[in-house]
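Undergrad: Before anything else, here's the structure in question.
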Amino acid sequence: MLLATALLAAPHPAAQDARGGFVPVTDAMLQKPDPADWLMWRRTLDTWGYSPLDQITANNVRTLRLVWTRPLGPGIQEGTPLVYDGVMYFPNPLDHIQAIDARTGDLKWEYRRKLPEDLNKFFPVPAINRNLAIYGSLIIDTSADDYVFGLNAQTGELAWETKILDYQKGAQQTSGPIVANGKIISGRGCEPEGGPEACVITAHDATTGKELWRTRTIPAPGEPGSETWGDVPYEERLHVGTWLVPSYDPALNLIYIGTSVSSPAPKFLLGGNDRKHLYHNSTLALNADTGKIVWYYQHVVDHWDLDHPFERLLVDTAVVPNPSDVRWINPRLRPGERRRVITGVPGKTGLVYTLDRETGEFLWARPTVLQTVISNIDGATGEVTVNPDALFNKTGDQRFICPTTNGGKNWEASAYSPLTNMMYVPLQNTCMETTAVAESRKNTSLYGIANKAMIATGTDNVGTIFAISAETGATAWKFEQRAGTTSLVATGSGLLFGGDANGRFRAFDQRTGEVLWEVNLGSAVTGYPVTFAVDGRQYVAVSTGTSLATGGVGRLTPELRPGTGSNLFVFALPE
Amino acid sequence: MMRTILAAALAALVAAVGYGQETSAPQRTVWDGVYPLAQADRGDQAFADACASCHGGDMRGGPGVPGLVGPELLFSWNGRSAGALFEQIQQTMPLDQPGSLRAEQFAAIVAAIFRANGFPANGDTPLSSDRAALDGILITRTRP
């Protein structure tokens with residue numbers, strides 16, 4: 001309790017200069033943020049989704065009450081508030097950004113980007129706008145029309161914009177960037193029309209917007225990995241996207257980002273089922289200064305649209321996988337060995353993978369929800385073997401696959417708590433009958449498969465939260481319910497906040513999974529929850545709306561009929 | 001052409017007398033010309049306003065969004081009725097406001113989807129927005 005008082009009573013050390021003005025945000029502030037602030041997607045560059053704030057506790061969380069609410073703009077809503085010095089910056093759909101007084105909910109400014117009217121001709125879901133970044137005096141985002149842009153954080157005026165790609169053959173910019181040592185790092189989904197050149201990770205100068213490097217996720221002839229595509233011509237290597245937000249380790253100066261499936265998905269339509277088609281469904285570690293790929297690890301050769309772009313948790317921990325919980329273990333691990341690891345559930349299959357984040361060495365992996373696509377991982381090499389019964393061999397082949405293209409895991413983020421050394425992961429129990437319907441890679445829908453989704457065999461519950469030890473890989477507890485579960489945030493008082501597809505928002509005990517508080521927000525909790533403090537008072541912010549993922553799990557539970565309103569809610573303890 | 005006109009006349013008759021429950025054998029298929037071009041045009045406009053933001057202007061779908069053209073649609077709907085497709089769209093779409101369009105708009109969107117999939121148009125008999133009438137139209141991969 002003393003600690004809580006100390007954390008919250010301290011004046012914000014950085015945000016106001018001697019004249020009370022706006023203090024520019026530095027790399028040092030991003031790499032060790034003030035406990036009161038939430039300065040990026042998952043608050044810190046290690047992507048923990050953890051805040052040290054501890055005023056709201058297991059003892060008082062039942063007294064939380066609504067402080068303010070605001071409706072959000074139309075369109076698919078998966079936004080994350082960014083909070084700096086008492087101001088909340090919110091990414092509404094369609095690049096509509098608002099600055100809001102974080103204590104009262106009153107609007108300070110808003111920016112509506114003028115977008116081309118024909119966006120939908122070129123790609124679906126341009127509205128999604130998951131997160132913002134802040135650097136210097138700028139709020140930074142990537143736009144639906146494939147620019148990166150900076151807004152004056154005090155006025156909302158456009159400071160600069162830099163074109164990344166031509167949206168007419170471009171990319172889906174559903175997620176925003178992080179800032180790594182003065183560089184804006186961003187990934188994107190890439191439409192087949194853009195060819196392999198649209199499938200890039202980019203770095204821009206965070207002050208000027210000037211492009212510094214771009215790295216393709218698909219190798220060209222003559223580059224390492226090109227041979228893994230077999231006889232597929234370069235211009236037909238498509239759609240290996242990086243559509244979620246990267247992580248960054250300043251000490252190693254490495255960016256970590258995950259990739260998606262190819263188009264089409266079944267590899268018999270590309271270079272053959274025995275080829276890797278790099279770098280799809282991989283973790284890429286990039287040198288932040290050059291963009292060079294330092295190492296990669298491919299999680300599974302994907303024939304079923306089971307993307308692997310999700311959050312990578314960077315944790316320093318003892319690595320002692322327990323063989324009774326962890327199915328695949330590196331035999332070279334020494335007892336009690338500590339490692340700098342990259343861990344979590346990176347893909348829709350729901351597997352936890354733990355790698356050494358300096359070298360990419362495989363350390364351990366385990367399944368969570370039912371999955372039928374991976375039959376083995378060689379602990380010594382990390383080489384993944386696909387279940388041969390899951391492979392398509394020709395057009396018309398039908399397979400029973402778990403999970404669905406909706407996951408397992410999806411973009412709803414897990415949280416990591418240093419208090420427990422556990423990761424908390426929202427995962428869905430799903431399976432699908434899927435058929436390879438494309439006749440060739442030139443006559444295909446986006447993925448070349450057609451699916452019928454269902455709840456996983458052996459359960460009536462779709463939603464789960466797994467609490468898994470980063471040290472041992474053991475499941476500490478599991479929460480299960482009918483409605484699908486959504487993003488989580490952990491706090492310094494041992495609480496875990498998270499929502500679901502039926503509008504419920506809850507506080508759990510990190511150690512036990514006990515539900516300590518619950519409220520019905522009326523619509524699916526689709527935004528990423530955060531917690532922050534202003535003038536010594538801790539707040540919890542969360543938003544509702546519609547999303548493809550919650551819509552997908554919602555169709556598996558037709559008796560649950562939440563509303564579809566997009567709203568932002570902010571809670572705090574009574575004053 | 002004569003076959004199309006006859007089929008349309010038959011359809012109108014079936015609809016008028018209330019036949020065509022899903023349990024009875026459908027009398028027509030989507031290859032018989034079940035919508036006029038003007039209705040598909042209206043459907044394209046409604047689709048652009050209400051559906052394209054997720055399914056794409058070309059109906060191809062995307063990550064997490066089913067495609068509505070080509071093999072993906074035909075795999076999922078081959079052998080099922082136009083009424084079942086209409087009902088699924090009407091009850092679940094648009095995602096953020098299910099059922100928020102008028103029944104005639106949903107029927108026009110179904111007509112637009114049929115045109116995008118290469119099913120032929122007829123002269124001037126609109127695709128009905130009555131579920132029972134639509135149950136009399138079978139979606140088939142190939143022309144019977």
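So you can find residues: chains in the structure tokens are A, B, ... in the order shown, residues in each start at 1, and ligands are numbered from 1 in order.
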Could you work out which residues of chain B fall inside 8 Å of chain A? Count only C-alpha atoms, and format the result as a PDB file with C-alpha atoms, in the first residue's frame.

TA:
```pdb
ATOM      1  CA  ALA B  52     -17.688  -3.672 -48.956  1.00  0.00           C
ATOM      2  CA  SER B  53     -15.875  -2.301 -45.940  1.00  0.00           C
ATOM      3  CA  CYS B  54     -15.316  -5.899 -44.807  1.00  0.00           C
ATOM      4  CA  HIS B  55     -15.920  -8.122 -47.846  1.00  0.00           C
ATOM      5  CA  GLY B  56     -14.110  -5.759 -50.239  1.00  0.00           C
ATOM      6  CA  GLY B  57     -15.553  -3.949 -53.234  1.00  0.00           C
ATOM      7  CA  ASP B  58     -14.874  -7.020 -55.368  1.00  0.00           C
ATOM      8  CA  ARG B  60     -13.357 -11.330 -52.482  1.00  0.00           C
ATOM      9  CA  GLY B  61     -13.291 -11.226 -48.695  1.00  0.00           C
ATOM     10  CA  GLY B  62     -10.130 -10.981 -46.663  1.00  0.00           C
ATOM     11  CA  GLY B  64     -11.327 -13.329 -41.313  1.00  0.00           C
ATOM     12  CA  VAL B  65     -13.929 -12.349 -43.926  1.00  0.00           C
ATOM     13  CA  GLY B  67     -15.279 -14.360 -49.924  1.00  0.00           C
ATOM     14  CA  VAL B  69     -17.433 -14.850 -55.233  1.00  0.00           C
ATOM     15  CA  GLY B  70     -16.003 -17.906 -56.907  1.00  0.00           C
ATOM     16  CA  PRO B  71     -15.150 -21.244 -55.401  1.00  0.00           C
ATOM     17  CA  GLU B  72     -15.429 -20.100 -51.794  1.00  0.00           C
ATOM     18  CA  LEU B  73     -19.091 -19.076 -52.106  1.00  0.00           C
ATOM     19  CA  PHE B  75     -18.395 -24.497 -51.886  1.00  0.00           C
ATOM     20  CA  SER B  76     -20.348 -23.139 -48.948  1.00  0.00           C
ATOM     21  CA  LEU B  95     -21.744  -6.996 -38.637  1.00  0.00           C
ATOM     22  CA  ASP B  96     -22.198  -3.728 -36.740  1.00  0.00           C
ATOM     23  CA  GLN B  97     -25.974  -3.499 -37.285  1.00  0.00           C
TER      24      GLN B  97
END
```

Undergrad: For Gly271 of chain A, list every protein, DNA or RNA residue within 6 Å, evaluated using only C-alpha atoms, and leave out those in the same chain fewer than 6 positions away; present the list as a list in words.

TA: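 Returned residues: Trp229, Gly230, Asp231 and Val232 of chain A.
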
Undergrad: Please identify all polymer residues within 9 Å of Arg143 of chain B, counting only C-alpha atoms, omitting same-chain residues fewer than 3 positions from it, and present them as an MDAnalysis selection string.

TA: chainID B and resid 29:32 140

Undergrad: For the residues in that selection, give me all heavy atoms as a PDB file, in the first residue's frame.

TA:
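Saved the output as part-v8.pdb:
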```pdb
ATOM      1  N   THR B  29     -33.166 -23.132 -60.443  1.00  0.00           N
ATOM      2  CA  THR B  29     -31.811 -22.902 -59.940  1.00  0.00           C
ATOM      3  C   THR B  29     -31.383 -21.486 -60.315  1.00  0.00           C
ATOM      4  O   THR B  29     -32.049 -20.808 -61.112  1.00  0.00           O
ATOM      5  CB  THR B  29     -30.783 -23.893 -60.533  1.00  0.00           C
ATOM      6  OG1 THR B  29     -30.423 -23.454 -61.846  1.00  0.00           O
ATOM      7  CG2 THR B  29     -31.308 -25.310 -60.560  1.00  0.00           C
ATOM      8  N   VAL B  30     -30.259 -21.064 -59.736  1.00  0.00           N
ATOM      9  CA  VAL B  30     -29.737 -19.726 -60.023  1.00  0.00           C
ATOM     10  C   VAL B  30     -29.336 -19.566 -61.479  1.00  0.00           C
ATOM     11  O   VAL B  30     -29.103 -18.445 -61.941  1.00  0.00           O
ATOM     12  CB  VAL B  30     -28.510 -19.416 -59.131  1.00  0.00           C
ATOM     13  CG1 VAL B  30     -28.940 -19.179 -57.700  1.00  0.00           C
ATOM     14  CG2 VAL B  30     -27.471 -20.532 -59.213  1.00  0.00           C
ATOM     15  N   TRP B  31     -29.273 -20.664 -62.215  1.00  0.00           N
ATOM     16  CA  TRP B  31     -28.910 -20.589 -63.629  1.00  0.00           C
ATOM     17  C   TRP B  31     -30.110 -20.266 -64.513  1.00  0.00           C
ATOM     18  O   TRP B  31     -29.960 -20.124 -65.729  1.00  0.00           O
ATOM     19  CB  TRP B  31     -28.270 -21.919 -64.064  1.00  0.00           C
ATOM     20  CG  TRP B  31     -26.989 -22.146 -63.340  1.00  0.00           C
ATOM     21  CD1 TRP B  31     -26.796 -22.891 -62.231  1.00  0.00           C
ATOM     22  CD2 TRP B  31     -25.718 -21.572 -63.660  1.00  0.00           C
ATOM     23  NE1 TRP B  31     -25.493 -22.826 -61.818  1.00  0.00           N
ATOM     24  CE2 TRP B  31     -24.793 -22.026 -62.687  1.00  0.00           C
ATOM     25  CE3 TRP B  31     -25.264 -20.717 -64.658  1.00  0.00           C
ATOM     26  CZ2 TRP B  31     -23.452 -21.657 -62.696  1.00  0.00           C
ATOM     27  CZ3 TRP B  31     -23.931 -20.352 -64.674  1.00  0.00           C
ATOM     28  CH2 TRP B  31     -23.038 -20.815 -63.701  1.00  0.00           C
ATOM     29  N   ASP B  32     -31.299 -20.156 -63.904  1.00  0.00           N
ATOM     30  CA  ASP B  32     -32.506 -19.924 -64.694  1.00  0.00           C
ATOM     31  C   ASP B  32     -32.830 -18.442 -64.869  1.00  0.00           C
ATOM     32  O   ASP B  32     -33.884 -18.115 -65.427  1.00  0.00           O
ATOM     33  CB  ASP B  32     -33.703 -20.623 -64.030  1.00  0.00           C
ATOM     34  CG  ASP B  32     -33.564 -22.131 -64.099  1.00  0.00           C
ATOM     35  OD1 ASP B  32     -33.020 -22.624 -65.105  1.00  0.00           O
ATOM     36  OD2 ASP B  32     -33.960 -22.804 -63.137  1.00  0.00           O
ATOM     37  N   THR B 140     -26.578 -23.758 -57.356  1.00  0.00           N
ATOM     38  CA  THR B 140     -25.801 -24.916 -57.826  1.00  0.00           C
ATOM     39  C   THR B 140     -24.514 -24.445 -58.483  1.00  0.00           C
ATOM     40  O   THR B 140     -24.465 -23.385 -59.103  1.00  0.00           O
ATOM     41  CB  THR B 140     -26.584 -25.767 -58.838  1.00  0.00           C
ATOM     42  OG1 THR B 140     -26.863 -24.965 -59.988  1.00  0.00           O
ATOM     43  CG2 THR B 140     -27.882 -26.277 -58.248  1.00  0.00           C
TER      44      THR B 140
END
```

Undergrad: Residues of segment 320-450 of chain A in strand (DSSP E) according to DSSP, as a PyMOL selection string?

TA: chain A and resi 328-329+338-343+352-356+362-366+374-377+384-386+398-401+415-417+422-428+430-436+449-450

Undergrad: Would you write out those residues with C-alpha atoms, as a PDB file, in the first residue's frame?

TA:
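Result file is again_28.pdb:
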```
ATOM      1  CA  TRP A 328       8.583 -30.293 -26.744  1.00  0.00           C
ATOM      2  CA  ILE A 329      11.804 -29.284 -24.912  1.00  0.00           C
ATOM      3  CA  ARG A 338      18.274 -18.152 -17.215  1.00  0.00           C
ATOM      4  CA  ARG A 339      17.639 -16.823 -20.691  1.00  0.00           C
ATOM      5  CA  ARG A 340      16.471 -13.718 -22.453  1.00  0.00           C
ATOM      6  CA  VAL A 341      13.447 -15.275 -24.139  1.00  0.00           C
ATOM      7  CA  ILE A 342      10.756 -14.351 -26.610  1.00  0.00           C
ATOM      8  CA  THR A 343       7.599 -16.195 -25.568  1.00  0.00           C
ATOM      9  CA  VAL A 352       3.205 -21.373 -26.736  1.00  0.00           C
ATOM     10  CA  TYR A 353       6.713 -21.115 -28.200  1.00  0.00           C
ATOM     11  CA  THR A 354       9.707 -19.998 -26.137  1.00  0.00           C
ATOM     12  CA  LEU A 355      12.876 -19.071 -28.035  1.00  0.00           C
ATOM     13  CA  ASP A 356      16.169 -17.457 -27.041  1.00  0.00           C
ATOM     14  CA  PHE A 362      14.212 -23.158 -29.808  1.00  0.00           C
ATOM     15  CA  LEU A 363      13.797 -23.760 -26.052  1.00  0.00           C
ATOM     16  CA  TRP A 364      10.320 -25.263 -25.584  1.00  0.00           C
ATOM     17  CA  ALA A 365       6.771 -25.329 -26.936  1.00  0.00           C
ATOM     18  CA  ARG A 366       3.411 -26.679 -25.861  1.00  0.00           C
ATOM     19  CA  ILE A 374       1.284 -29.913 -35.603  1.00  0.00           C
ATOM     20  CA  SER A 375       2.283 -33.490 -34.790  1.00  0.00           C
ATOM     21  CA  ASN A 376       5.820 -32.927 -33.505  1.00  0.00           C
ATOM     22  CA  ILE A 377       8.555 -30.407 -32.808  1.00  0.00           C
ATOM     23  CA  VAL A 384       8.150 -28.466 -36.779  1.00  0.00           C
ATOM     24  CA  THR A 385       6.404 -31.488 -38.332  1.00  0.00           C
ATOM     25  CA  VAL A 386       2.935 -30.927 -39.743  1.00  0.00           C
ATOM     26  CA  GLN A 398     -11.550 -31.785 -47.053  1.00  0.00           C
ATOM     27  CA  ARG A 399      -9.862 -31.808 -43.640  1.00  0.00           C
ATOM     28  CA  PHE A 400     -11.018 -31.430 -40.035  1.00  0.00           C
ATOM     29  CA  ILE A 401      -8.730 -28.786 -38.547  1.00  0.00           C
ATOM     30  CA  ALA A 415      -0.647 -10.013 -20.829  1.00  0.00           C
ATOM     31  CA  TYR A 416       2.497 -10.916 -18.876  1.00  0.00           C
ATOM     32  CA  SER A 417       2.902 -10.170 -15.171  1.00  0.00           C
ATOM     33  CA  MET A 422       3.025 -15.870 -15.907  1.00  0.00           C
ATOM     34  CA  MET A 423       1.493 -15.069 -19.256  1.00  0.00           C
ATOM     35  CA  TYR A 424      -2.293 -14.764 -19.512  1.00  0.00           C
ATOM     36  CA  VAL A 425      -3.632 -15.674 -22.933  1.00  0.00           C
ATOM     37  CA  PRO A 426      -7.170 -15.335 -24.361  1.00  0.00           C
ATOM     38  CA  LEU A 427      -7.767 -18.435 -26.509  1.00  0.00           C
ATOM     39  CA  GLN A 428     -10.853 -19.885 -28.203  1.00  0.00           C
ATOM     40  CA  THR A 430     -12.695 -23.860 -32.194  1.00  0.00           C
ATOM     41  CA  CYS A 431     -12.447 -26.343 -35.060  1.00  0.00           C
ATOM     42  CA  MET A 432     -13.415 -26.282 -38.731  1.00  0.00           C
ATOM     43  CA  GLU A 433     -14.191 -28.438 -41.675  1.00  0.00           C
ATOM     44  CA  THR A 434     -12.045 -26.910 -44.359  1.00  0.00           C
ATOM     45  CA  THR A 435     -11.782 -27.713 -48.038  1.00  0.00           C
ATOM     46  CA  ALA A 436      -9.202 -26.744 -50.627  1.00  0.00           C
ATOM     47  CA  ILE A 449     -10.038 -22.699 -48.880  1.00  0.00           C
ATOM     48  CA  ALA A 450     -13.645 -22.716 -47.649  1.00  0.00           C
TER      49      ALA A 450
END
```

Undergrad: How many Å separate atom CA of Arg70 of chain A from atom CA of Leu107 of chain A?

TA: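 Here the two named atoms are 9.5 Å from each other.
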
Undergrad: Using atom CA of Asn393 of chain A and atom CA of Arg141 of chain B as the two end points, give the distance in Å to one decimal.

TA: 22.0 Å

Undergrad: Excluding Leu568 of chain A and residues on its chain fewer than 4 positions from it, collect all residues at most 12 Å away from it, counting only C-alpha atoms, and give them as a ChimeraX atom specification.

TA: /A:66-73,77-81,88-92,98,100,102,105,521-530,540-545

Undergrad: So that I can see what lies close to segment 242-251 of chain A, please list as a VMD selection string the residues with an atom at most 9 Å from it, counting only C-alpha atoms and leaving out residues fewer than 3 positions away in the same chain.

TA: chain A and resid 31 41 44 to 47 130 to 131 172 to 181 185 to 190 199 to 201 217 254 to 260 288 308 to 314 357 411

Undergrad: Excluding same-chain residues fewer than 4 positions from Ala108 of chain B, what lies within 9 Å of it counting only C-alpha atoms, as a list of chain:residue names?

TA: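 Near Ala108 of chain B, the qualifying residues are B:Tyr35, B:Gln39, B:Ala40, B:Asp41, B:Arg42, B:Gly43, B:Asp44, B:Ala46, B:Phe47, B:Ala103, B:Glu104, B:Ala112, B:Ile113, B:Pro126, B:Leu127, B:Ser128, B:Ser129.
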
Undergrad: Looking only at the backbone, which of the residues in segment 16-135 of chain B does DSSP tag as alpha helix (DSSP H), as a VMD selection string?

TA: chain B and resid 16 37 to 50 52 to 55 71 to 77 82 to 92 103 to 116 131 to 134

Undergrad: Between atom CA of Gly494 of chain A and atom CA of Asp54 of chain A, what is the distance in Å, rounded to a tenth?

TA: 8.0 Å

Undergrad: Quick one: everything within 6 Å of segment 482-492 of chain A, counting only C-alpha atoms, minus sequence neighbours fewer than 5 positions away in the same chain. Send it as an mmCIF file with N, CA, C and O atoms, in the first residue's frame.

TA:
```cif
data_model
loop_
_atom_site.group_PDB
_atom_site.id
_atom_site.type_symbol
_atom_site.label_atom_id
_atom_site.label_comp_id
_atom_site.auth_asym_id
_atom_site.auth_seq_id
_atom_site.Cartn_x
_atom_site.Cartn_y
_atom_site.Cartn_z
ATOM 1 N N GLY A 49 1.846 -5.751 -21.816
ATOM 2 C CA GLY A 49 0.474 -5.424 -21.424
ATOM 3 C C GLY A 49 0.342 -5.369 -19.916
ATOM 4 O O GLY A 49 -0.650 -5.797 -19.329
ATOM 5 N N TYR A 50 1.367 -4.802 -19.269
ATOM 6 C CA TYR A 50 1.447 -4.754 -17.806
ATOM 7 C C TYR A 50 1.698 -3.323 -17.362
ATOM 8 O O TYR A 50 2.534 -2.623 -17.943
ATOM 9 N N SER A 51 0.966 -2.893 -16.310
ATOM 10 C CA SER A 51 1.198 -1.590 -15.689
ATOM 11 C C SER A 51 1.527 -1.803 -14.219
ATOM 12 O O SER A 51 0.846 -2.584 -13.533
ATOM 13 N N PRO A 52 2.537 -1.094 -13.688
ATOM 14 C CA PRO A 52 2.852 -1.255 -12.259
ATOM 15 C C PRO A 52 1.839 -0.596 -11.332
ATOM 16 O O PRO A 52 1.935 -0.744 -10.116
ATOM 17 N N LEU A 53 0.871 0.123 -11.845
ATOM 18 C CA LEU A 53 -0.105 0.800 -10.981
ATOM 19 C C LEU A 53 -0.801 -0.210 -10.068
ATOM 20 O O LEU A 53 -1.140 -1.320 -10.487
ATOM 21 N N ASP A 54 -1.029 0.212 -8.813
ATOM 22 C CA ASP A 54 -1.547 -0.764 -7.832
ATOM 23 C C ASP A 54 -2.549 -0.166 -6.863
ATOM 24 O O ASP A 54 -2.751 -0.685 -5.775
ATOM 25 N N GLU A 412 -6.483 -10.380 -30.301
ATOM 26 C CA GLU A 412 -6.720 -10.023 -28.900
ATOM 27 C C GLU A 412 -5.502 -10.443 -28.093
ATOM 28 O O GLU A 412 -5.065 -11.588 -28.137
ATOM 29 N N ALA A 413 -4.960 -9.497 -27.320
ATOM 30 C CA ALA A 413 -3.604 -9.686 -26.795
ATOM 31 C C ALA A 413 -3.587 -10.320 -25.414
ATOM 32 O O ALA A 413 -4.459 -10.087 -24.577
ATOM 33 N N SER A 414 -2.531 -11.094 -25.184
ATOM 34 C CA SER A 414 -2.240 -11.638 -23.868
ATOM 35 C C SER A 414 -1.533 -10.586 -23.029
ATOM 36 O O SER A 414 -1.108 -9.552 -23.526
ATOM 37 N N ALA A 415 -1.406 -10.875 -21.737
ATOM 38 C CA ALA A 415 -0.647 -10.013 -20.829
ATOM 39 C C ALA A 415 0.373 -10.871 -20.096
ATOM 40 O O ALA A 415 0.163 -12.077 -19.895
ATOM 41 N N SER A 417 2.696 -10.834 -16.457
ATOM 42 C CA SER A 417 2.902 -10.170 -15.171
ATOM 43 C C SER A 417 4.225 -10.595 -14.561
ATOM 44 O O SER A 417 4.447 -11.795 -14.323
ATOM 45 N N PRO A 426 -5.791 -15.042 -23.938
ATOM 46 C CA PRO A 426 -7.170 -15.335 -24.361
ATOM 47 C C PRO A 426 -7.148 -16.268 -25.583
ATOM 48 O O PRO A 426 -6.542 -15.953 -26.606
ATOM 49 N N ASN A 461 -17.790 -24.717 -24.388
ATOM 50 C CA ASN A 461 -17.259 -23.387 -24.094
ATOM 51 C C ASN A 461 -16.314 -22.939 -25.196
ATOM 52 O O ASN A 461 -15.385 -23.661 -25.552
ATOM 53 N N VAL A 462 -16.550 -21.731 -25.690
ATOM 54 C CA VAL A 462 -15.657 -21.174 -26.714
ATOM 55 C C VAL A 462 -14.470 -20.473 -26.063
ATOM 56 O O VAL A 462 -13.316 -20.686 -26.420
ATOM 57 N N GLY A 463 -14.749 -19.597 -25.089
ATOM 58 C CA GLY A 463 -13.715 -18.712 -24.569
ATOM 59 C C GLY A 463 -12.896 -19.334 -23.452
ATOM 60 O O GLY A 463 -13.436 -20.042 -22.592
ATOM 61 N N PHE A 497 -7.261 -7.601 -15.939
ATOM 62 C CA PHE A 497 -8.529 -7.128 -16.505
ATOM 63 C C PHE A 497 -8.687 -7.688 -17.905
ATOM 64 O O PHE A 497 -7.727 -7.740 -18.680
ATOM 65 N N GLY A 498 -9.927 -8.077 -18.247
ATOM 66 C CA GLY A 498 -10.154 -8.587 -19.595
ATOM 67 C C GLY A 498 -11.625 -8.664 -19.920
ATOM 68 O O GLY A 498 -12.471 -8.740 -19.025
ATOM 69 N N GLY A 499 -11.923 -8.656 -21.208
ATOM 70 C CA GLY A 499 -13.305 -8.639 -21.655
ATOM 71 C C GLY A 499 -13.692 -9.898 -22.397
ATOM 72 O O GLY A 499 -12.907 -10.852 -22.493
ATOM 73 N N ASP A 500 -14.932 -9.877 -22.920
ATOM 74 C CA ASP A 500 -15.354 -11.008 -23.741
ATOM 75 C C ASP A 500 -16.297 -10.555 -24.855
ATOM 76 O O ASP A 500 -16.673 -9.383 -24.944
ATOM 77 N N ALA A 501 -16.651 -11.518 -25.706
ATOM 78 C CA ALA A 501 -17.454 -11.214 -26.892
ATOM 79 C C ALA A 501 -18.912 -10.961 -26.541
ATOM 80 O O ALA A 501 -19.703 -10.574 -27.403
ATOM 81 N N ASN A 502 -19.286 -11.174 -25.273
ATOM 82 C CA ASN A 502 -20.659 -10.939 -24.837
ATOM 83 C C ASN A 502 -20.763 -9.685 -23.977
ATOM 84 O O ASN A 502 -21.707 -9.544 -23.195
ATOM 85 N N TYR A 528 -8.544 -2.814 -26.834
ATOM 86 C CA TYR A 528 -7.543 -3.288 -25.869
ATOM 87 C C TYR A 528 -7.669 -2.468 -24.582
ATOM 88 O O TYR A 528 -7.520 -1.244 -24.621
ATOM 89 N N VAL A 553 -16.501 -15.671 -33.305
ATOM 90 C CA VAL A 553 -16.816 -16.545 -32.167
ATOM 91 C C VAL A 553 -18.277 -16.380 -31.756
ATOM 92 O O VAL A 553 -18.893 -17.326 -31.250
#
```

Undergrad: With only C-alpha atoms as the basis for distance, which of A:Gln481, A:Gln168, A:Asn152, A:Thr202 is at the shortest distance from Glu117 of chain A?

TA: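 The closest residue to Glu117 of chain A is A:Gln168.
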